[in-house]
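Data block below; observations after.
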Amino acid sequence: MMNQNTGKMLIFGGLIILVIGVVIYFSGNKLNWIGRLPGDIRIEKPGMKIYFPVVTMILLSLVLNLIIWLIKKFF
């Protein structure tokens with residue numbers, strides 16, 4: 001069932017997506033390092049490219065967990 005808490009979470013989720021979008025839009029080429037961190041696995045051979053962004057996904061997971069924890073703590 002939908003209640004006020006669900007509405008608050010949807011609003012904050014939308015605001016977070018909006019902020020991320022604005023940062024990406026206005027940063028231009030300053031965020032090229034995302035996806036090219038040491039530890040990301042890249043295999044490039046003729047006719048084949050395989051990419052595993054291991055460290056990038058770990059970093060993204062940590063940041064998202066911190067954001068969710070802060071939202072739950074303060075709201």
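In the structure tokens, the first chain shown is A, the next is B, and so on; residue numbers restart at 1 for each chain, and ligands run from 1 in the order shown.
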Shell of 7 Å around region 30-39 of chain A, only C-alpha atoms, local chain residues under 2 positions omitted, as a list in words: Ser27, Gly28, Ile41, Pro53, Val54, Val55 and Thr56 of chain A
Length of the CA of Asn65 (chain A) to CA of Val22 (chain A) vector [Å]: 20.6 Å
List every residue of chain A that DSSP, applied to the backbone, labels as strand (DSSP E), and write the result as a ChimeraX atom specification. /A:41-45,48-52
Would you list the contacts of Ile43 (chain A) as a PDB file with C-alpha atoms, in the first residue's frame, taking every protein, DNA or RNA residue within 12 Å and counting only C-alpha atoms, but skipping same-chain residues closer than 5 positions in sequence?
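Listing of out_12.pdb after writing:
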ATOM      1  CA  MET A  48      36.277  -8.333 -29.192  1.00  0.00           C
ATOM      2  CA  LYS A  49      36.017  -5.945 -26.264  1.00  0.00           C
ATOM      3  CA  ILE A  50      35.216  -7.104 -22.730  1.00  0.00           C
ATOM      4  CA  TYR A  51      34.911  -4.660 -19.864  1.00  0.00           C
ATOM      5  CA  PHE A  52      34.296  -5.396 -16.165  1.00  0.00           C
ATOM      6  CA  PRO A  53      34.130  -2.169 -14.097  1.00  0.00           C
TER       7      PRO A  53
END
Enumerate as a PyMOL selection string all residues of chain A assigned to alpha helix (DSSP H) by DSSP on the backbone, naming them with the chain letters and numbers the document uses. chain A and resi 4-27+54-74
Would you put the residues from that selection into a file with C-alpha atoms, as an mmCIF file, in the first residue's frame?
data_model
loop_
_atom_site.group_PDB
_atom_site.id
_atom_site.type_symbol
_atom_site.label_atom_id
_atom_site.label_comp_id
_atom_site.auth_asym_id
_atom_site.auth_seq_id
_atom_site.Cartn_x
_atom_site.Cartn_y
_atom_site.Cartn_z
ATOM 1 C CA GLN A 4 3.259 9.106 3.135
ATOM 2 C CA ASN A 5 6.600 7.359 3.672
ATOM 3 C CA THR A 6 6.472 5.893 0.176
ATOM 4 C CA GLY A 7 5.756 9.351 -1.225
ATOM 5 C CA LYS A 8 8.696 10.857 0.673
ATOM 6 C CA MET A 9 11.044 8.159 -0.584
ATOM 7 C CA LEU A 10 9.907 8.715 -4.186
ATOM 8 C CA ILE A 11 10.424 12.469 -3.870
ATOM 9 C CA PHE A 12 13.919 12.070 -2.396
ATOM 10 C CA GLY A 13 14.809 9.443 -4.986
ATOM 11 C CA GLY A 14 13.750 11.822 -7.732
ATOM 12 C CA LEU A 15 15.738 14.670 -6.198
ATOM 13 C CA ILE A 16 18.838 12.489 -6.010
ATOM 14 C CA ILE A 17 18.468 11.511 -9.666
ATOM 15 C CA LEU A 18 17.964 15.184 -10.569
ATOM 16 C CA VAL A 19 21.113 16.244 -8.697
ATOM 17 C CA ILE A 20 23.159 13.480 -10.331
ATOM 18 C CA GLY A 21 21.852 14.530 -13.745
ATOM 19 C CA VAL A 22 22.739 18.184 -13.161
ATOM 20 C CA VAL A 23 26.247 17.264 -11.979
ATOM 21 C CA ILE A 24 26.835 15.085 -15.042
ATOM 22 C CA TYR A 25 25.409 17.732 -17.394
ATOM 23 C CA PHE A 26 27.512 20.601 -16.089
ATOM 24 C CA SER A 27 30.727 18.660 -15.418
ATOM 25 C CA VAL A 54 34.782 -3.939 -10.782
ATOM 26 C CA VAL A 55 36.220 -1.044 -8.754
ATOM 27 C CA THR A 56 33.797 1.473 -10.249
ATOM 28 C CA MET A 57 30.824 -0.664 -9.186
ATOM 29 C CA ILE A 58 32.237 -1.118 -5.670
ATOM 30 C CA LEU A 59 32.687 2.656 -5.354
ATOM 31 C CA LEU A 60 29.178 3.290 -6.715
ATOM 32 C CA SER A 61 27.744 0.752 -4.279
ATOM 33 C CA LEU A 62 29.458 2.421 -1.324
ATOM 34 C CA VAL A 63 28.202 5.875 -2.317
ATOM 35 C CA LEU A 64 24.632 4.663 -2.847
ATOM 36 C CA ASN A 65 24.654 2.807 0.477
ATOM 37 C CA LEU A 66 25.863 5.964 2.226
ATOM 38 C CA ILE A 67 23.084 8.029 0.613
ATOM 39 C CA ILE A 68 20.415 5.490 1.555
ATOM 40 C CA TRP A 69 21.757 5.282 5.125
ATOM 41 C CA LEU A 70 21.675 9.080 5.460
ATOM 42 C CA ILE A 71 18.104 9.243 4.148
ATOM 43 C CA LYS A 72 16.949 6.548 6.574
ATOM 44 C CA LYS A 73 18.762 8.183 9.493
ATOM 45 C CA PHE A 74 17.329 11.663 8.986
#
